[in-house]
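Novice: entry.tsv is reproduced in full below (TSV, C-alpha atoms and all ligand atoms).
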chain	number	residue	atom	x	y	z
A	1	MET	CA	0.00	0.00	0.00
A	2	LEU	CA	1.12	3.49	-0.77
A	3	ASN	CA	2.15	5.91	1.96
A	4	PHE	CA	-1.42	6.97	2.63
A	5	PRO	CA	-1.98	10.74	2.16
A	6	LYS	CA	-3.46	12.52	5.18
A	7	VAL	CA	-5.06	15.27	3.13
A	8	ILE	CA	-6.71	14.58	-0.23
A	9	ALA	CA	-8.01	17.60	-2.13
A	10	HIS	CA	-11.56	16.54	-3.02
A	11	ARG	CA	-12.18	17.27	-6.72
A	12	GLY	CA	-9.05	19.45	-6.35
A	13	ALA	CA	-9.03	22.51	-4.11
A	14	SER	CA	-12.71	22.79	-4.93
A	15	TRP	CA	-13.68	25.27	-2.21
A	16	ASP	CA	-11.83	28.02	-4.08
A	17	ALA	CA	-11.72	26.79	-7.69
A	18	PRO	CA	-14.16	24.91	-9.94
A	19	GLU	CA	-14.26	21.23	-8.95
A	20	ASN	CA	-12.55	18.65	-11.16
A	21	THR	CA	-10.78	21.22	-13.34
A	22	LEU	CA	-7.09	21.98	-13.94
A	23	PRO	CA	-7.27	25.24	-11.90
A	24	ALA	CA	-8.58	23.26	-8.90
A	25	PHE	CA	-5.84	20.63	-9.24
A	26	ASP	CA	-3.20	23.29	-9.80
A	27	LEU	CA	-4.35	25.13	-6.68
A	28	ALA	CA	-4.05	21.87	-4.71
A	29	ILE	CA	-0.41	21.66	-5.82
A	30	LYS	CA	0.23	25.30	-4.84
A	31	ILE	CA	-1.34	24.71	-1.41
A	32	GLY	CA	0.99	21.76	-0.92
A	33	ALA	CA	-1.63	19.00	-0.80
A	34	PRO	CA	-0.06	15.57	-1.14
A	35	ALA	CA	-3.01	14.13	-3.10
A	36	ILE	CA	-6.08	14.93	-5.17
A	37	GLU	CA	-9.29	13.02	-5.75
A	38	LEU	CA	-11.10	13.16	-9.10
A	39	ASP	CA	-14.16	11.60	-10.73
A	40	ALA	CA	-13.43	9.69	-13.93
A	41	LYS	CA	-16.04	8.68	-16.49
A	42	LEU	CA	-16.21	8.05	-20.25
A	43	SER	CA	-17.34	10.33	-23.02
A	44	GLU	CA	-19.56	8.85	-25.72
A	45	ASP	CA	-16.51	8.25	-27.90
A	46	GLY	CA	-14.58	6.50	-25.13
A	47	PHE	CA	-12.25	9.18	-23.73
A	48	VAL	CA	-11.69	9.32	-19.97
A	49	VAL	CA	-12.90	12.69	-18.74
A	50	VAL	CA	-12.97	14.21	-15.27
A	51	HIS	CA	-16.40	15.32	-14.09
A	52	HIS	CA	-18.49	14.54	-11.02
A	53	ASP	CA	-22.16	14.55	-11.92
A	54	PRO	CA	-23.59	12.17	-14.52
A	55	THR	CA	-25.07	15.27	-16.12
A	56	LEU	CA	-23.52	18.54	-17.23
A	57	ASP	CA	-26.15	20.91	-15.90
A	58	ARG	CA	-24.82	21.89	-12.46
A	59	THR	CA	-21.20	22.77	-13.24
A	60	THR	CA	-21.11	23.63	-16.95
A	61	ASN	CA	-23.11	25.65	-19.46
A	62	GLY	CA	-24.13	22.39	-21.16
A	63	LYS	CA	-27.06	20.06	-20.58
A	64	GLY	CA	-27.58	16.32	-20.63
A	65	ASN	CA	-25.57	13.22	-19.84
A	66	VAL	CA	-21.79	13.15	-20.06
A	67	TRP	CA	-21.80	9.65	-21.58
A	68	GLN	CA	-23.93	10.90	-24.47
A	69	LYS	CA	-21.46	13.61	-25.54
A	70	SER	CA	-18.28	13.24	-27.56
A	71	LEU	CA	-15.03	14.64	-26.22
A	72	ALA	CA	-15.21	17.42	-28.83
A	73	GLU	CA	-18.66	18.40	-27.56
A	74	LEU	CA	-17.53	18.31	-23.93
A	75	LYS	CA	-14.46	20.42	-24.71
A	76	LYS	CA	-16.66	23.25	-26.00
A	77	LEU	CA	-18.33	23.67	-22.62
A	78	ASP	CA	-17.45	26.16	-19.91
A	79	ALA	CA	-16.85	24.28	-16.65
A	80	GLY	CA	-15.55	27.24	-14.66
A	81	ALA	CA	-17.83	30.26	-15.00
A	82	TRP	CA	-20.40	28.90	-12.48
A	83	LYS	CA	-17.72	29.28	-9.81
A	84	GLY	CA	-16.75	32.83	-10.74
A	85	ALA	CA	-16.03	34.99	-13.77
A	86	GLN	CA	-12.27	34.57	-13.27
A	87	PHE	CA	-12.66	30.87	-14.14
A	88	ALA	CA	-14.66	31.43	-17.35
A	89	LYS	CA	-13.66	29.21	-20.30
A	90	THR	CA	-12.14	26.56	-18.03
A	91	ARG	CA	-12.66	23.21	-19.76
A	92	ILE	CA	-13.61	19.75	-18.55
A	93	PRO	CA	-10.21	18.02	-18.40
A	94	THR	CA	-9.30	14.60	-19.71
A	95	LEU	CA	-7.58	12.22	-17.33
A	96	THR	CA	-4.49	12.51	-19.54
A	97	GLU	CA	-4.34	16.26	-18.89
A	98	VAL	CA	-4.67	15.78	-15.13
A	99	PHE	CA	-1.96	13.10	-15.09
A	100	ASP	CA	0.34	15.48	-17.01
A	101	LEU	CA	-0.24	18.15	-14.36
A	102	ALA	CA	0.07	15.79	-11.38
A	103	ARG	CA	3.13	13.87	-12.53
A	104	ARG	CA	5.76	13.75	-9.76
A	105	LYS	CA	3.76	16.28	-7.73
A	106	LEU	CA	0.62	14.60	-6.41
A	107	LEU	CA	-0.89	11.24	-5.65
A	108	VAL	CA	-4.08	10.86	-7.65
A	109	ASN	CA	-7.14	9.04	-6.33
A	110	VAL	CA	-9.14	8.14	-9.43
A	111	GLU	CA	-12.74	7.45	-8.47
A	112	LEU	CA	-14.22	5.16	-11.11
A	113	THR	CA	-17.64	6.76	-11.55
A	114	ASN	CA	-19.36	4.82	-14.31
A	115	TYR	CA	-22.31	4.37	-11.96
A	116	GLU	CA	-24.88	4.98	-14.73
A	117	THR	CA	-23.02	2.87	-17.29
A	118	PRO	CA	-21.47	0.03	-15.24
A	119	ASN	CA	-20.84	-2.18	-18.27
A	120	ASP	CA	-18.72	0.34	-20.14
A	121	ARG	CA	-14.94	0.10	-20.56
A	122	LEU	CA	-13.98	2.80	-18.06
A	123	VAL	CA	-11.82	0.56	-15.86
A	124	GLU	CA	-9.93	-0.87	-18.83
A	125	LYS	CA	-9.32	2.61	-20.29
A	126	VAL	CA	-8.13	4.08	-16.99
A	127	VAL	CA	-5.73	1.19	-16.34
A	128	GLU	CA	-4.41	1.47	-19.90
A	129	LEU	CA	-3.82	5.20	-19.42
A	130	VAL	CA	-2.08	4.71	-16.06
A	131	ASN	CA	0.27	2.19	-17.66
A	132	ARG	CA	0.86	4.21	-20.83
A	133	MET	CA	1.65	7.35	-18.82
A	134	LYS	CA	3.67	5.39	-16.24
A	135	MET	CA	1.60	6.67	-13.33
A	136	GLN	CA	1.46	3.30	-11.53
A	137	GLU	CA	3.30	4.56	-8.45
A	138	GLN	CA	1.19	7.68	-8.16
A	139	VAL	CA	-2.42	6.50	-8.41
A	140	PHE	CA	-4.97	4.66	-6.34
A	141	PHE	CA	-8.47	3.72	-7.44
A	142	SER	CA	-11.77	3.86	-5.60
A	143	SER	CA	-15.40	3.20	-6.41
A	144	PHE	CA	-18.83	2.79	-4.86
A	145	HIS	CA	-19.28	-0.02	-7.39
A	146	PRO	CA	-17.48	-3.13	-6.04
A	147	ALA	CA	-17.29	-4.76	-9.50
A	148	ASN	CA	-15.01	-1.91	-10.63
A	149	LEU	CA	-12.48	-2.85	-7.94
A	150	ARG	CA	-12.57	-6.49	-9.01
A	151	ARG	CA	-11.99	-5.51	-12.60
A	152	ALA	CA	-9.14	-3.17	-11.71
A	153	HIS	CA	-7.53	-5.85	-9.57
A	154	ARG	CA	-7.70	-8.36	-12.44
A	155	LEU	CA	-6.12	-5.91	-14.87
A	156	GLN	CA	-3.44	-4.35	-12.65
A	157	PRO	CA	-3.18	-5.89	-9.16
A	158	SER	CA	-0.38	-3.57	-8.01
A	159	ILE	CA	-2.59	-0.46	-7.94
A	160	PRO	CA	-4.09	0.17	-4.47
A	161	LEU	CA	-7.87	-0.04	-4.24
A	162	SER	CA	-10.38	1.60	-1.91
A	163	LEU	CA	-14.01	0.79	-1.37
A	164	LEU	CA	-16.31	3.80	-1.10
A	165	THR	CA	-19.43	3.64	1.06
A	166	GLY	CA	-22.17	6.10	1.97
A	167	THR	CA	-25.33	6.31	4.06
A	168	PHE	CA	-27.38	6.91	0.90
A	169	GLN	CA	-26.69	3.32	-0.24
A	170	SER	CA	-28.67	0.17	0.57
A	171	PRO	CA	-27.45	-1.47	3.83
A	172	TRP	CA	-25.67	-4.21	1.87
A	173	LEU	CA	-23.47	-1.63	0.18
A	174	ALA	CA	-23.35	0.97	2.98
A	175	HIS	CA	-22.01	-1.57	5.50
A	176	ALA	CA	-19.92	-3.38	2.89
A	177	TRP	CA	-21.15	-6.81	4.01
A	178	PHE	CA	-19.59	-8.31	0.89
A	179	ALA	CA	-16.17	-6.75	1.62
A	180	PRO	CA	-14.29	-10.04	2.16
A	181	PHE	CA	-14.93	-10.88	-1.48
A	182	ILE	CA	-13.72	-7.59	-2.90
A	183	PRO	CA	-10.03	-6.74	-3.19
A	184	HIS	CA	-9.24	-3.47	-1.41
A	185	GLN	CA	-6.68	-2.04	0.99
A	186	ALA	CA	-8.66	0.97	2.21
A	187	ARG	CA	-12.17	2.11	3.05
A	188	HIS	CA	-13.49	5.51	2.01
A	189	PRO	CA	-16.68	6.01	4.06
A	190	GLU	CA	-18.88	9.06	4.21
A	191	ASN	CA	-18.16	11.27	7.25
A	192	LYS	CA	-21.45	10.23	8.90
A	193	GLN	CA	-20.17	6.64	9.01
A	194	ILE	CA	-17.00	7.47	10.94
A	195	SER	CA	-16.42	6.73	14.61
A	196	ALA	CA	-13.32	5.92	16.64
A	197	GLU	CA	-14.56	2.33	16.80
A	198	PHE	CA	-15.03	2.07	13.04
A	199	ILE	CA	-11.47	3.26	12.46
A	200	GLN	CA	-10.11	0.78	15.02
A	201	LYS	CA	-12.02	-2.09	13.42
A	202	CYS	CA	-10.65	-1.24	9.97
A	203	HIS	CA	-7.11	-0.95	11.32
A	204	ALA	CA	-7.47	-4.34	12.99
A	205	ARG	CA	-8.19	-5.72	9.52
A	206	GLN	CA	-5.18	-3.88	8.04
A	207	LEU	CA	-7.44	-1.48	6.18
A	208	LYS	CA	-6.66	2.23	5.88
A	209	VAL	CA	-9.53	4.71	6.34
A	210	ALA	CA	-10.14	8.01	4.56
A	211	SER	CA	-13.45	9.83	4.85
A	212	TYR	CA	-15.34	12.27	2.63
A	213	THR	CA	-16.17	15.13	2.60
A	214	VAL	CA	-14.65	16.77	5.64
A	215	ASN	CA	-14.77	20.54	5.36
A	216	ASP	CA	-15.46	21.53	8.98
A	217	PRO	CA	-12.25	22.11	10.99
A	218	THR	CA	-13.81	20.68	14.17
A	219	GLU	CA	-14.64	17.47	12.37
A	220	MET	CA	-11.17	17.38	10.78
A	221	ARG	CA	-9.56	17.61	14.22
A	222	GLN	CA	-11.88	14.96	15.65
A	223	PHE	CA	-11.15	12.49	12.85
A	224	PHE	CA	-7.37	13.03	13.09
A	225	ASP	CA	-7.57	12.55	16.89
A	226	TRP	CA	-9.34	9.24	16.29
A	227	GLY	CA	-6.43	8.14	14.11
A	228	ILE	CA	-7.98	8.37	10.66
A	229	ASP	CA	-5.48	7.84	7.84
A	230	GLY	CA	-6.83	10.55	5.53
A	231	ILE	CA	-9.62	12.96	4.79
A	232	PHE	CA	-11.12	14.15	1.53
A	233	THR	CA	-11.65	17.86	1.80
A	234	ASP	CA	-12.55	20.73	-0.51
A	235	ARG	CA	-10.32	22.85	1.78
A	236	PRO	CA	-6.85	21.24	1.80
A	237	ASP	CA	-5.37	24.56	2.99
A	238	VAL	CA	-7.47	24.40	6.18
A	239	ALA	CA	-6.63	20.74	6.82
A	240	LEU	CA	-2.90	21.25	6.26
A	241	GLY	CA	-2.95	24.32	8.50
A	242	LEU	CA	-4.55	22.31	11.23
A	243	LEU	CA	-1.96	19.53	10.95
A	244	ALA	CA	0.98	21.94	10.90
B	301	LIG	O1	-14.02	9.79	-3.23
B	301	LIG	C1	-14.61	10.51	-2.21
B	301	LIG	C2	-15.83	11.23	-2.70
B	301	LIG	O2	-15.48	11.93	-3.86
B	301	LIG	C3	-16.97	10.32	-2.99
B	301	LIG	O3	-18.15	10.99	-3.26
B	301	LIG	O4	-19.85	12.00	-4.70
B	301	LIG	O5	-17.89	13.35	-3.97
B	301	LIG	O6	-17.60	11.54	-5.64
B	301	LIG	P1	-18.38	12.02	-4.44
B	302	MG	MG	-15.55	11.59	-5.98
What is this structure when it is put down as structure tokens?
Specialist:
Amino acid sequence: MLNFPKVIAHRGASWDAPENTLPAFDLAIKIGAPAIELDAKLSEDGFVVVHHDPTLDRTTNGKGNVWQKSLAELKKLDAGAWKGAQFAKTRIPTLTEVFDLARRKLLVNVELTNYETPNDRLVEKVVELVNRMKMQEQVFFSSFHPANLRRAHRLQPSIPLSLLTGTFQSPWLAHAWFAPFIPHQARHPENKQISAEFIQKCHARQLKVASYTVNDPTEMRQFFDWGIDGIFTDRPDVALGLLA
């Protein structure tokens, strides 16, 4: 397992810059964050792009589903203006562009987010890209979809894997009752699922724990006091300040 990062900039430094864009990842580097998290999915023509929602409506000037747009169509959209005029004309990045930026500077947690299209070739494409760009030592994968972790493990067993859980899921998924059958070295639970006991139990099973999304400094301090391995935060500057 990689040297687990204590602070992971969630969708980049997304408190101050548009989430999942190069300015947000660049800001994470400037702040000194050791790691970023991003949401990877496929365009209609099979390119790995970085975008959180299944649809474009909230964070771009486009509409509709990401998986029904070609890369050329996605690249025309403005993914920054919603966050402030200074970010206008910021584009949805490809995973290739983010890897180019992050190389030798950041660990990259690639969340495999083909939740609407679970039978697509996202996992294969991401693994291929990681290998082609020689990012094997710098990435770890996560997903709410256990089958993605299985697939990733089959294709490239050396890349660390994390299982995401959340209270919005069915109990079977939220409590990860199937976990013994899914390869993973870390758990990424929602903040509401975290307790000192939960962290201890994971550690007893040699699992690291990193929780999302922890933006409140009081909660950050609490989780670090309980011995959590990492937090996903939109405010890496605040978390790093607190740890300093
Ligand atoms: O990977 C942590 C977190 O990003 C999971 O939830 O919805 O922000 O992708 P979400
Ligand atoms: Mg995510």
Novice: Using all atoms listed in the file, find each protein or nucleic acid residue lying at most 12 Å from ligand MG 302 (chain B); present the set as number ranges by chain.
Specialist: A: 8-12, 14, 19-20, 36-41, 50-54, 108-115, 141-144, 162-166, 188-190, 211-213, 232-234
Novice: In Å, with one decimal, what is the gap from atom CA of Glu137 of chain A to atom CA of Arg151 of chain A?
Specialist: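 Straight-line distance from atom CA of Glu137 of chain A to atom CA of Arg151 of chain A works out to 18.8 Å.
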Novice: Which residue, A:Leu243, A:Val127, A:Ala196, A:Gly230, has the smallest gap to ligand LIG 301 (chain B) when you use only C-alpha atoms and all ligand atoms?
Specialist: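 Result for the nearest residue to ligand LIG 301 (chain B): A:Gly230.
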Novice: So how far away is atom CA of Lys30 of chain A from atom CA of Phe4 of chain A, in Å?
Specialist: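 Straight-line distance from atom CA of Phe4 of chain A to atom CA of Lys30 of chain A works out to 19.9 Å.
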Novice: Could you check which of A:His153, A:Lys6, A:Lys89, A:Lys105 is closest to Ala244 of chain A, using only C-alpha atoms?
Specialist: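 Closest to Ala244 of chain A, using only C-alpha atoms: A:Lys6.
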Novice: Could you tell me how far atom CA of Val49 of chain A sits from atom CA of Lys75 of chain A, in Å to one decimal place?
Specialist: 9.9 Å
Novice: Between A:Arg150, A:His175, A:Arg187, A:Arg58, which one has atoms that come closest to ligand LIG 301 (chain B), using all atoms listed in the file?
Specialist: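 With all atoms listed in the file as the atom set, the closest residue is A:Arg187.
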Novice: With all atoms of ligand LIG 301 (chain B) from the file as input, state the centre and edge lengths in Å to one decimal of the axis-aligned box that has 3 Å extra on each side, as AutoDock Vina command-line options.
Specialist:
--center_x -16.9 --center_y 11.6 --center_z -3.9 --size_x 11.8 --size_y 9.6 --size_z 9.4
Novice: Using all atoms listed in the file, can you tell me which of A:Gln68, A:Ala102, A:Val7, A:Ala85 comes closest to ligand LIG 301 (chain B)?
Specialist: A:Val7
Novice: Rank nothing, just name the residue among A:Ala13, A:Ala79, A:Met220, A:Val214 nearest to Gly241 of chain A, using only C-alpha atoms.
Specialist: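 Selected residue with least distance to Gly241 of chain A: A:Met220.
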Novice: Residues near Lys134 of chain A, anyone? I mean within 12 Å using all atoms listed in the file, not counting same-chain ones fewer than 5 positions away, as a PyMOL selection string.
Specialist: chain A and resi 96+99-100+103-104+126-129+139+159
Novice: Rank nothing, just name the residue among A:Phe87, A:Phe47, A:Phe168, A:Trp226 nearest to ligand LIG 301 (chain B), using all atoms listed in the file.
Specialist: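 With all atoms listed in the file as the atom set, the closest residue is A:Phe168.
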Novice: Name the residues within 9 Å of (-22.3, 23.3, -23.9), counting only C-alpha atoms in the file's coordinates, and put them as a ChimeraX atom specification.
Specialist: /A:56,60-63,73-78
